[in-house]
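Trainee: This is work_36.txt, which holds compact mmCIF, C-alpha atoms:
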```
# COMPACT_ATOMS: atom_id res chain seq x y z
CA MET A 1 -64.92 5.85 -22.32
CA GLY A 2 -63.29 3.69 -19.70
CA GLY A 3 -60.19 4.25 -17.66
CA GLY A 4 -58.11 1.50 -19.20
CA ASP A 5 -54.45 1.79 -19.99
CA GLY A 6 -54.56 1.61 -23.77
CA THR A 7 -56.21 4.01 -26.17
CA GLY A 8 -57.68 3.43 -29.59
CA GLU A 9 -56.30 6.78 -30.74
CA GLU A 10 -52.71 5.74 -30.16
CA ARG A 11 -52.44 3.21 -32.97
CA SER A 12 -49.76 4.30 -35.44
CA GLY A 13 -51.62 4.38 -38.74
CA ALA A 14 -50.31 4.76 -42.24
CA ALA A 15 -50.78 8.54 -42.39
CA ARG A 16 -49.03 9.05 -39.07
CA ARG A 17 -46.06 6.86 -39.96
CA ARG A 18 -45.59 8.63 -43.29
CA PHE A 19 -45.98 12.02 -41.64
CA ALA A 20 -43.19 11.22 -39.16
CA GLU A 21 -40.91 10.08 -41.98
CA ALA A 22 -41.68 13.09 -44.19
CA ALA A 23 -41.10 15.55 -41.33
CA ARG A 24 -37.57 14.24 -40.88
CA GLU A 25 -36.50 14.52 -44.50
CA ASP A 26 -33.63 16.89 -45.23
CA ARG A 27 -36.00 18.95 -47.40
CA PRO A 28 -39.53 18.35 -46.08
CA ASP A 29 -42.26 18.34 -48.74
CA LEU A 30 -44.87 20.85 -47.57
CA ALA A 31 -47.63 19.53 -49.85
CA LEU A 32 -47.04 15.94 -48.73
CA LEU A 33 -47.12 16.86 -45.04
CA CYS A 34 -50.35 18.82 -45.49
CA LEU A 35 -51.97 16.01 -47.48
CA LEU A 36 -51.00 13.57 -44.73
CA ILE A 37 -52.70 15.79 -42.14
CA GLY A 38 -55.82 15.51 -44.29
CA ALA A 39 -55.36 11.75 -44.52
CA GLU A 40 -55.07 11.58 -40.72
CA ALA A 41 -58.40 13.38 -40.40
CA THR A 42 -60.01 11.00 -42.87
CA THR A 43 -58.69 7.74 -41.46
CA ARG A 44 -59.54 8.81 -37.90
CA GLY A 45 -63.11 9.54 -38.98
CA SER A 46 -62.87 13.23 -38.07
CA LEU A 47 -64.82 14.26 -41.17
CA ARG A 48 -67.54 11.65 -40.75
CA ARG A 49 -70.09 14.05 -39.35
CA GLY A 50 -72.69 14.98 -41.96
CA ARG A 51 -71.14 13.50 -45.10
CA ASP A 52 -68.38 11.44 -46.66
CA ILE A 53 -65.20 13.29 -47.52
CA GLY A 54 -65.80 13.03 -51.26
CA GLY A 55 -69.50 13.87 -51.11
CA THR A 56 -71.24 17.11 -51.99
CA THR A 57 -71.90 19.82 -49.44
CA GLY A 58 -74.27 22.05 -51.35
CA GLU A 59 -71.66 24.82 -51.34
CA THR A 60 -70.10 26.62 -54.25
CA GLY A 61 -66.61 25.68 -55.32
CA GLY A 62 -64.83 23.10 -57.42
CA THR A 63 -65.13 19.37 -57.05
CA ARG A 64 -62.03 18.24 -58.92
CA GLY A 65 -58.93 16.75 -57.44
CA THR A 66 -60.01 14.75 -54.36
CA GLU A 67 -63.57 14.22 -55.51
CA GLY A 68 -64.70 10.68 -54.84
CA THR A 69 -62.13 9.99 -52.15
CA GLY A 70 -64.86 8.94 -49.75
CA ASN A 71 -65.08 5.45 -51.24
CA ALA A 72 -61.37 4.83 -50.92
CA ALA A 73 -61.25 6.23 -47.43
CA GLY A 74 -64.43 4.58 -46.24
CA ALA A 75 -62.71 1.34 -45.36
CA ALA A 76 -60.38 3.27 -43.07
CA ARG A 77 -63.15 4.91 -41.05
CA GLY A 78 -64.19 2.14 -38.75
CA ALA A 79 -63.07 1.80 -35.17
CA GLY A 80 -60.34 -0.59 -36.23
CA PRO A 81 -59.42 -0.05 -39.91
CA ASP A 82 -57.66 -2.79 -41.79
CA PRO A 83 -54.01 -1.67 -42.19
CA VAL A 84 -53.95 -2.57 -45.89
CA ASP A 85 -57.16 -0.63 -46.57
CA GLU A 86 -55.89 2.32 -44.54
CA GLU A 87 -52.60 2.36 -46.43
CA ALA A 88 -54.50 2.34 -49.73
CA ALA A 89 -56.76 5.17 -48.58
CA VAL A 90 -53.77 7.29 -47.56
CA ASP A 91 -51.99 6.57 -50.83
CA ARG A 92 -55.04 7.62 -52.81
CA LEU A 93 -55.55 10.86 -50.88
CA VAL A 94 -51.90 11.81 -51.30
CA ASP A 95 -51.71 10.84 -54.98
CA GLU A 96 -54.91 12.69 -55.86
CA GLY A 97 -53.83 15.79 -53.96
CA GLN A 98 -50.43 15.90 -55.62
CA ALA A 99 -52.03 15.29 -59.02
CA GLU A 100 -54.46 18.16 -58.48
CA LEU A 101 -51.64 20.54 -57.58
CA ASP A 102 -49.83 19.44 -60.74
CA ARG A 103 -53.00 20.00 -62.77
CA LEU A 104 -53.49 23.49 -61.36
CA ALA A 105 -49.88 24.39 -62.16
CA GLY A 106 -50.47 23.27 -65.73
CA LEU A 107 -53.30 25.80 -66.06
CA LEU A 108 -50.93 28.75 -65.63
CA PRO A 109 -50.08 30.31 -68.98
CA PHE A 110 -46.45 29.62 -69.83
CA ARG A 111 -44.17 32.62 -70.00
CA ARG A 112 -40.43 32.95 -69.48
CA GLY A 113 -38.85 35.53 -67.21
CA ARG A 114 -41.88 36.69 -65.27
CA ALA A 115 -41.23 39.44 -62.74
CA PRO A 116 -42.52 38.85 -59.17
CA ALA A 117 -45.59 41.05 -59.72
CA GLU A 118 -46.36 39.17 -62.94
CA TRP A 119 -46.21 35.83 -61.13
CA ALA A 120 -48.55 37.16 -58.46
CA ALA A 121 -50.95 38.45 -61.13
CA ALA A 122 -50.91 35.10 -62.97
CA LEU A 123 -51.80 33.19 -59.79
CA GLU A 124 -54.49 35.70 -58.88
CA ARG A 125 -56.07 35.41 -62.31
CA THR A 126 -55.95 31.58 -62.54
CA LEU A 127 -56.53 30.44 -58.96
CA GLY A 128 -58.45 33.42 -57.62
CA ARG A 129 -60.65 34.78 -60.39
CA GLU A 130 -61.01 31.81 -62.75
CA LEU A 131 -61.13 28.92 -60.27
CA GLY A 132 -62.56 30.72 -57.25
CA PHE A 133 -59.98 29.82 -54.60
CA GLY A 134 -60.38 32.16 -51.62
CA GLY A 135 -61.79 32.47 -48.14
CA SER A 136 -64.33 34.27 -45.98
CA ALA A 137 -65.27 34.48 -42.30
CA PRO A 138 -67.40 31.27 -42.22
CA ASP A 139 -64.38 29.24 -43.34
CA TYR A 140 -62.80 29.78 -39.92
CA ARG A 141 -65.58 27.68 -38.38
CA ARG A 142 -64.89 24.56 -40.45
CA LEU A 143 -62.34 21.84 -39.82
CA GLU A 144 -62.15 21.27 -43.58
CA SER A 145 -60.62 24.72 -43.96
CA SER A 146 -57.41 23.38 -42.39
CA LEU A 147 -57.18 20.20 -44.49
CA LEU A 148 -55.46 20.44 -47.87
CA PRO A 149 -57.47 17.68 -49.64
CA GLU A 150 -60.67 19.48 -48.65
CA VAL A 151 -59.34 22.92 -49.59
CA LEU A 152 -58.46 21.60 -53.04
CA ARG A 153 -61.94 20.12 -53.37
CA ARG A 154 -63.97 23.03 -51.99
CA ARG A 155 -61.57 25.80 -53.11
CA ARG A 156 -62.19 27.46 -49.75
CA GLY A 157 -59.95 27.52 -46.69
CA LEU A 158 -57.97 29.42 -44.08
CA PRO A 159 -55.26 31.86 -45.22
CA ILE A 160 -52.47 29.41 -44.43
CA LEU A 161 -53.98 26.51 -46.41
CA LEU A 162 -54.78 28.73 -49.37
CA SER A 163 -51.18 29.98 -49.18
CA VAL A 164 -50.01 26.36 -49.33
CA VAL A 165 -52.04 25.94 -52.53
CA TRP A 166 -50.56 29.15 -53.98
CA THR A 167 -46.97 28.27 -53.12
CA GLU A 168 -47.18 24.65 -54.25
CA VAL A 169 -48.86 25.51 -57.55
CA ALA A 170 -46.47 28.39 -58.21
CA ARG A 171 -43.42 26.30 -57.27
CA ARG A 172 -44.46 23.61 -59.74
CA ALA A 173 -44.77 26.28 -62.42
CA GLY A 174 -41.24 27.55 -61.72
CA ALA A 175 -42.01 30.68 -59.71
CA PRO A 176 -39.71 32.02 -56.97
CA VAL A 177 -42.31 31.72 -54.20
CA TYR A 178 -42.42 31.36 -50.43
CA GLY A 179 -44.89 31.55 -47.55
CA VAL A 180 -44.91 34.42 -45.06
CA ALA A 181 -46.26 33.80 -41.56
CA LEU A 182 -47.56 37.25 -40.66
CA PRO A 183 -49.14 37.55 -37.21
CA GLY A 184 -52.70 36.30 -37.55
CA HIS A 185 -52.64 35.98 -41.34
CA PHE A 186 -50.52 33.86 -43.67
CA VAL A 187 -49.64 35.29 -47.10
CA VAL A 188 -47.38 34.45 -50.06
CA GLY A 189 -44.26 36.17 -51.39
CA PHE A 190 -42.97 36.13 -54.96
CA GLY A 191 -39.38 37.01 -55.84
CA ASP A 192 -36.38 37.49 -53.59
CA PRO A 193 -37.35 38.02 -49.94
CA ALA A 194 -34.17 40.06 -49.46
CA GLY A 195 -34.60 41.96 -52.72
CA ALA A 196 -37.33 42.62 -55.28
CA HIS A 197 -40.52 40.89 -54.23
CA VAL A 198 -44.27 41.30 -53.87
CA LEU A 199 -46.70 39.83 -51.35
CA ALA A 200 -50.16 38.48 -52.16
CA ASP A 201 -53.14 37.40 -50.06
CA PRO A 202 -54.64 34.09 -51.27
CA PHE A 203 -57.46 34.39 -48.72
CA GLY A 204 -58.55 37.48 -50.64
CA GLY A 205 -58.25 35.69 -53.97
CA GLY A 206 -54.58 36.54 -54.47
CA THR A 207 -54.69 40.33 -54.38
CA GLN A 208 -51.28 41.97 -54.07
CA LEU A 209 -50.53 43.75 -50.80
CA GLY A 210 -48.90 47.14 -50.53
CA GLU A 211 -47.13 48.46 -47.44
CA GLU A 212 -50.29 50.14 -46.18
CA GLU A 213 -52.40 46.97 -46.48
CA LEU A 214 -49.68 44.95 -44.74
CA ALA A 215 -49.40 47.45 -41.89
CA VAL A 216 -53.16 47.43 -41.34
CA MET A 217 -53.26 43.63 -41.44
CA VAL A 218 -50.48 43.23 -38.87
CA ALA A 219 -51.80 46.01 -36.62
CA GLY A 220 -55.21 44.35 -36.56
CA ALA A 221 -53.72 41.03 -35.50
CA THR A 222 -51.30 42.41 -32.90
CA GLY A 223 -53.29 45.26 -31.41
CA GLY A 224 -51.28 47.98 -33.09
CA SER A 225 -47.71 46.66 -33.27
CA PRO A 226 -45.81 47.90 -36.34
CA LEU A 227 -44.73 45.61 -39.14
CA SER A 228 -41.22 44.24 -38.53
CA ALA A 229 -38.68 42.83 -40.96
CA ALA A 230 -38.71 39.55 -39.03
CA ALA A 231 -42.42 39.11 -39.78
CA LEU A 232 -41.66 39.12 -43.52
CA ARG A 233 -39.10 36.33 -43.54
CA PRO A 234 -39.95 33.12 -45.45
CA ALA A 235 -41.67 30.44 -43.39
CA GLY A 236 -40.17 26.97 -43.61
CA PRO A 237 -42.27 23.85 -44.28
CA LEU A 238 -42.17 22.55 -40.70
CA GLU A 239 -42.97 25.98 -39.26
CA THR A 240 -45.95 26.15 -41.60
CA VAL A 241 -47.14 22.65 -40.70
CA LEU A 242 -46.91 23.36 -36.96
CA ARG A 243 -48.99 26.50 -37.44
CA ILE A 244 -51.62 24.48 -39.35
CA LEU A 245 -51.78 21.94 -36.53
CA ASN A 246 -52.03 24.77 -33.99
CA ASN A 247 -55.03 26.07 -35.94
CA ILE A 248 -56.67 22.64 -35.77
CA ARG A 249 -56.03 22.46 -32.03
CA ALA A 250 -57.53 25.93 -31.63
CA TRP A 251 -60.58 24.90 -33.68
CA ALA A 252 -61.17 21.82 -31.56
CA ALA A 253 -60.43 23.37 -28.12
CA PRO A 254 -63.88 24.99 -27.57
CA ARG A 255 -65.61 21.85 -28.93
CA PRO A 256 -65.32 19.16 -26.23
CA GLU A 257 -67.03 16.66 -28.50
CA ARG A 258 -64.08 17.01 -30.93
CA SER A 259 -61.35 16.28 -28.37
CA GLY A 260 -60.24 13.40 -30.59
CA VAL A 261 -59.39 15.90 -33.33
CA ARG A 262 -57.40 17.98 -30.87
CA LEU A 263 -55.59 14.85 -29.67
CA TRP A 264 -54.43 13.75 -33.11
CA ALA A 265 -53.36 17.33 -33.93
CA VAL A 266 -51.22 17.34 -30.77
CA GLU A 267 -49.79 13.93 -31.56
CA LEU A 268 -48.85 14.94 -35.10
CA SER A 269 -47.20 18.08 -33.69
CA LEU A 270 -45.15 15.89 -31.37
CA LEU A 271 -43.81 14.00 -34.40
CA LEU A 272 -42.17 17.17 -35.75
CA PRO A 273 -38.44 17.46 -35.03
CA HIS A 274 -39.01 20.75 -33.17
CA HIS A 275 -42.17 21.41 -31.17
CA PRO A 276 -43.20 23.13 -27.92
CA GLY A 277 -42.46 20.83 -25.01
CA ARG A 278 -45.74 21.74 -23.32
CA LEU A 279 -47.59 19.77 -25.99
CA ARG A 280 -46.63 16.65 -24.02
CA PHE A 281 -48.65 17.96 -21.08
CA GLU A 282 -51.55 18.88 -23.36
CA ARG A 283 -51.59 15.33 -24.72
CA ALA A 284 -51.66 13.94 -21.17
CA GLN A 285 -54.55 16.25 -20.27
CA LEU A 286 -56.50 15.13 -23.33
CA LEU A 287 -55.95 11.48 -22.48
CA VAL A 288 -57.41 12.11 -19.04
CA GLU A 289 -60.27 14.11 -20.52
CA ARG A 290 -61.07 11.18 -22.80
CA GLY A 291 -61.09 8.73 -19.89
CA HIS A 292 -57.57 7.24 -20.14
CA PHE A 293 -56.67 8.18 -16.58
CA LEU A 294 -53.68 5.91 -15.94
CA ARG A 295 -51.91 6.69 -19.19
CA GLY A 296 -52.61 10.39 -18.84
CA ALA A 297 -51.35 10.42 -15.25
CA ARG A 298 -48.13 8.62 -16.21
CA GLU A 299 -47.46 11.09 -19.01
CA MET A 300 -48.08 14.01 -16.66
CA GLU A 301 -45.55 12.58 -14.23
CA GLU A 302 -43.01 12.08 -17.02
CA TYR A 303 -43.50 15.68 -18.12
CA ALA A 304 -43.13 16.89 -14.52
CA ASP A 305 -39.79 15.07 -14.26
CA VAL A 306 -38.56 16.89 -17.38
CA VAL A 307 -39.49 20.41 -16.23
CA ALA A 308 -38.77 19.99 -12.50
CA ALA A 309 -35.22 21.38 -12.63
CA MET A 310 -36.24 24.61 -14.38
CA GLU A 311 -39.82 25.07 -13.11
CA PRO A 312 -40.27 23.26 -9.78
CA ASN A 313 -43.58 24.95 -8.99
CA ALA A 314 -45.01 24.06 -12.39
CA ALA A 315 -43.78 20.49 -11.96
CA GLU A 316 -45.57 20.19 -8.63
CA ASN A 317 -48.80 21.46 -10.20
CA VAL A 318 -48.49 18.83 -12.93
CA ARG A 319 -47.90 16.08 -10.35
CA ARG A 320 -50.97 17.28 -8.48
CA ALA A 321 -52.97 16.97 -11.70
CA ALA A 322 -51.59 13.44 -12.18
CA ARG A 323 -52.70 12.44 -8.67
CA ALA A 324 -56.17 13.82 -9.38
CA ALA A 325 -56.32 11.79 -12.61
CA ARG A 326 -55.41 8.58 -10.76
CA ALA A 327 -58.01 9.35 -8.11
CA ARG A 328 -60.74 9.35 -10.77
CA LEU A 329 -60.29 5.58 -11.07
CA ASN A 330 -61.52 5.06 -7.48
```
Go through the file and emit its structure as structure tokens.

Mentor:
Amino acid sequence: MGGGDGTGEERSGAARRRFAEAAREDRPDLALLCLLIGAEATTRGSLRRGRDIGGTTGETGGTRGTEGTGNAAGAARGAGPDPVDEEAAVDRLVDEGQAELDRLAGLLPFRRGRAPAEWAAALERTLGRELGFGGSAPDYRRLESSLLPEVLRRRRGLPILLSVVWTEVARRAGAPVYGVALPGHFVVGFGDPAGAHVLADPFGGGTQLGEEELAVMVAGATGGSPLSAAALRPAGPLETVLRILNNIRAWAAPRPERSGVRLWAVELSLLLPHHPGRLRFERAQLLVERGHFLRGAREMEEYADVVAAMEPNAAENVRRAARAARARLN
């Protein structure tokens, strides 16, 4: 890739524009934001390797919901997708994902006045046992495990994406439900977080978690730290989305050939109203890594100007990196 000033990755596609708008709503729609992350992966061609997004993988799991999306998204996978085709592909991915969540909610047996434990049991029975939603260690090695359209199709995913499925299906069915961002493992709460409630683990098929299981889970992720009340608070939609994007960045980081995936995950994170400022430097580094030396150097210098007053030594290190990036053009 050459050292020119522009980058193909920077074009503002349909998924990215809608993501930015949705993130700034007064009440952000978690399902919509997650489906748009999946649409970003599709329209950037990040799932091209090995199969089309709607194709079969030879794995167990359901094929409803987003099945067949590959044809709609195919027009958006070229180096320069037609904006109309890309918009249509994004619309289809979002509409099919929302429809599948609605369909899953309709499978829950209707019953008035369920207690929190009864809601948890109903979701475990329908999503976990009957439909096979859950996760296992190999799912951590797949990009699809962080993309809601793919999780709905495969019925496999990371704890946080399975928790999104649980919360969105339960919410549609009328349950008092919320996500809980435990250290290292996302789970779901039913009931009143400040009162009577139960926690369930969608990654384990929706099994309910007692205090002992929670303590072991948190201790394993933190190296022995005890469970705190702060760890059990409900996670907001934007907090959840940022954690999903962090997972995608972490997946791509040890895979240099997937630096494009890491770049779009960083850029989506930067569209959130609140995000770590250092992501701007990470984006600049990725631009340099991908051969866009001038643009990356300029963004490093801009970041250095921002942090210079508080961290002068760090700012000088960033400026040094910018000079090194410019030197690579010679």

Trainee: Using all atoms listed in the file, which residue out of A:Leu123, A:Leu227, A:Ala23, A:Met217 lies closest to Val188 (chain A)?

Mentor: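 Answer, going by the shortest atom-to-atom distance: A:Leu123.
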
Trainee: Compile the contact shell of Arg141 (chain A) as JSON, numbers by chain: residues with an atom at most 12 Å away, counting only C-alpha atoms, same-chain residues fewer than 6 positions apart removed.

Mentor: {"A": [135, 156, 157, 158, 247, 248, 250, 251, 252, 254, 255]}

Trainee: What's the separation between CA of Ala325 (chain A) and CA of Ser269 (chain A), in Å to one decimal place?

Mentor: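 Atom-to-atom, CA of Ala325 (chain A) to CA of Ser269 (chain A), that is 23.8 Å.
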
Trainee: Where's the centre, and what are the edge lengths in Å to one decimal, of a box along x, y and z enclosing all listed atoms of region 157-169 of chain A padded 4 Å per side, as JSON?

Mentor:
```
{"center_x": -53.5, "center_y": 28.3, "center_z": -50.8, "size_x": 21.0, "size_y": 15.2, "size_z": 21.5}
```

Trainee: Give me the residues near Leu33 (chain A) as JSON, numbers by chain, where near means some atom within 12 Å (using all atoms listed in the file) and where sequence neighbours in that chain fewer than 5 positions away do not count.

Mentor: {"A": [15, 16, 17, 18, 19, 20, 21, 22, 23, 24, 25, 27, 28, 38, 39, 40, 90, 93, 94, 97, 98, 147, 148, 149, 161, 164, 237, 238, 239, 240, 241, 242, 244, 245, 268, 269, 271, 272]}

Trainee: Could you name the residues that touch Pro226 (chain A) at 12 Å or less, counting only C-alpha atoms, but leaving out those on the same chain fewer than 4 positions away, as a list in words?

Mentor: Leu182, Pro183, Glu211, Glu212, Leu214, Ala215, Val216, Met217, Val218, Ala219, Gly220, Ala221, Thr222, Ala230 and Ala231 of chain A

Trainee: Selected residues, C-alpha atoms, written as a short mmCIF file (atom, residue, chain, number, x, y, z; two decimals), keeping the file's coordinate frame, please.

Mentor:
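Once everything was written out, this is result.cif:
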```cif
data_model
loop_
_atom_site.label_atom_id
_atom_site.label_comp_id
_atom_site.auth_asym_id
_atom_site.auth_seq_id
_atom_site.Cartn_x
_atom_site.Cartn_y
_atom_site.Cartn_z
CA LEU A 182 -47.56 37.25 -40.66
CA PRO A 183 -49.14 37.55 -37.21
CA GLU A 211 -47.13 48.46 -47.44
CA GLU A 212 -50.29 50.14 -46.18
CA LEU A 214 -49.68 44.95 -44.74
CA ALA A 215 -49.40 47.45 -41.89
CA VAL A 216 -53.16 47.43 -41.34
CA MET A 217 -53.26 43.63 -41.44
CA VAL A 218 -50.48 43.23 -38.87
CA ALA A 219 -51.80 46.01 -36.62
CA GLY A 220 -55.21 44.35 -36.56
CA ALA A 221 -53.72 41.03 -35.50
CA THR A 222 -51.30 42.41 -32.90
CA ALA A 230 -38.71 39.55 -39.03
CA ALA A 231 -42.42 39.11 -39.78
#
```

Trainee: Give me, as a VMD selection string, all polymer residues having an atom no more than 6 Å from region 273-288 of chain A, counting all atoms listed in the file and skipping those fewer than 4 positions away in the same chain.

Mentor: chain A and resid 292 to 293 296 299 to 300

Trainee: Find the residues around Gly210 (chain A) up to 10 Å (all atoms listed in the file counted), leave out those fewer than 5 positions away in its own chain, and share them as a ChimeraX atom specification.

Mentor: /A:198-200,215

Trainee: Residues of the last selection are to be written out with C-alpha atoms, as a tab-separated table (two decimals), keeping the file's coordinate frame.

Mentor:
```tsv
chain	number	residue	atom	x	y	z
A	198	VAL	CA	-44.27	41.30	-53.87
A	199	LEU	CA	-46.70	39.83	-51.35
A	200	ALA	CA	-50.16	38.48	-52.16
A	215	ALA	CA	-49.40	47.45	-41.89
```

Trainee: Point out the residue among A:Leu152, A:Ala253, A:Ala88, A:Val261 with the least atom-to-atom distance to Ala41 (chain A), counting all atoms listed in the file.

Mentor: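 Of all the options, A:Val261 lies closest to Ala41 (chain A).
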
Trainee: What gap, in Å, lies between CA of Ala297 (chain A) and CA of Arg44 (chain A)?

Mentor: 24.1 Å
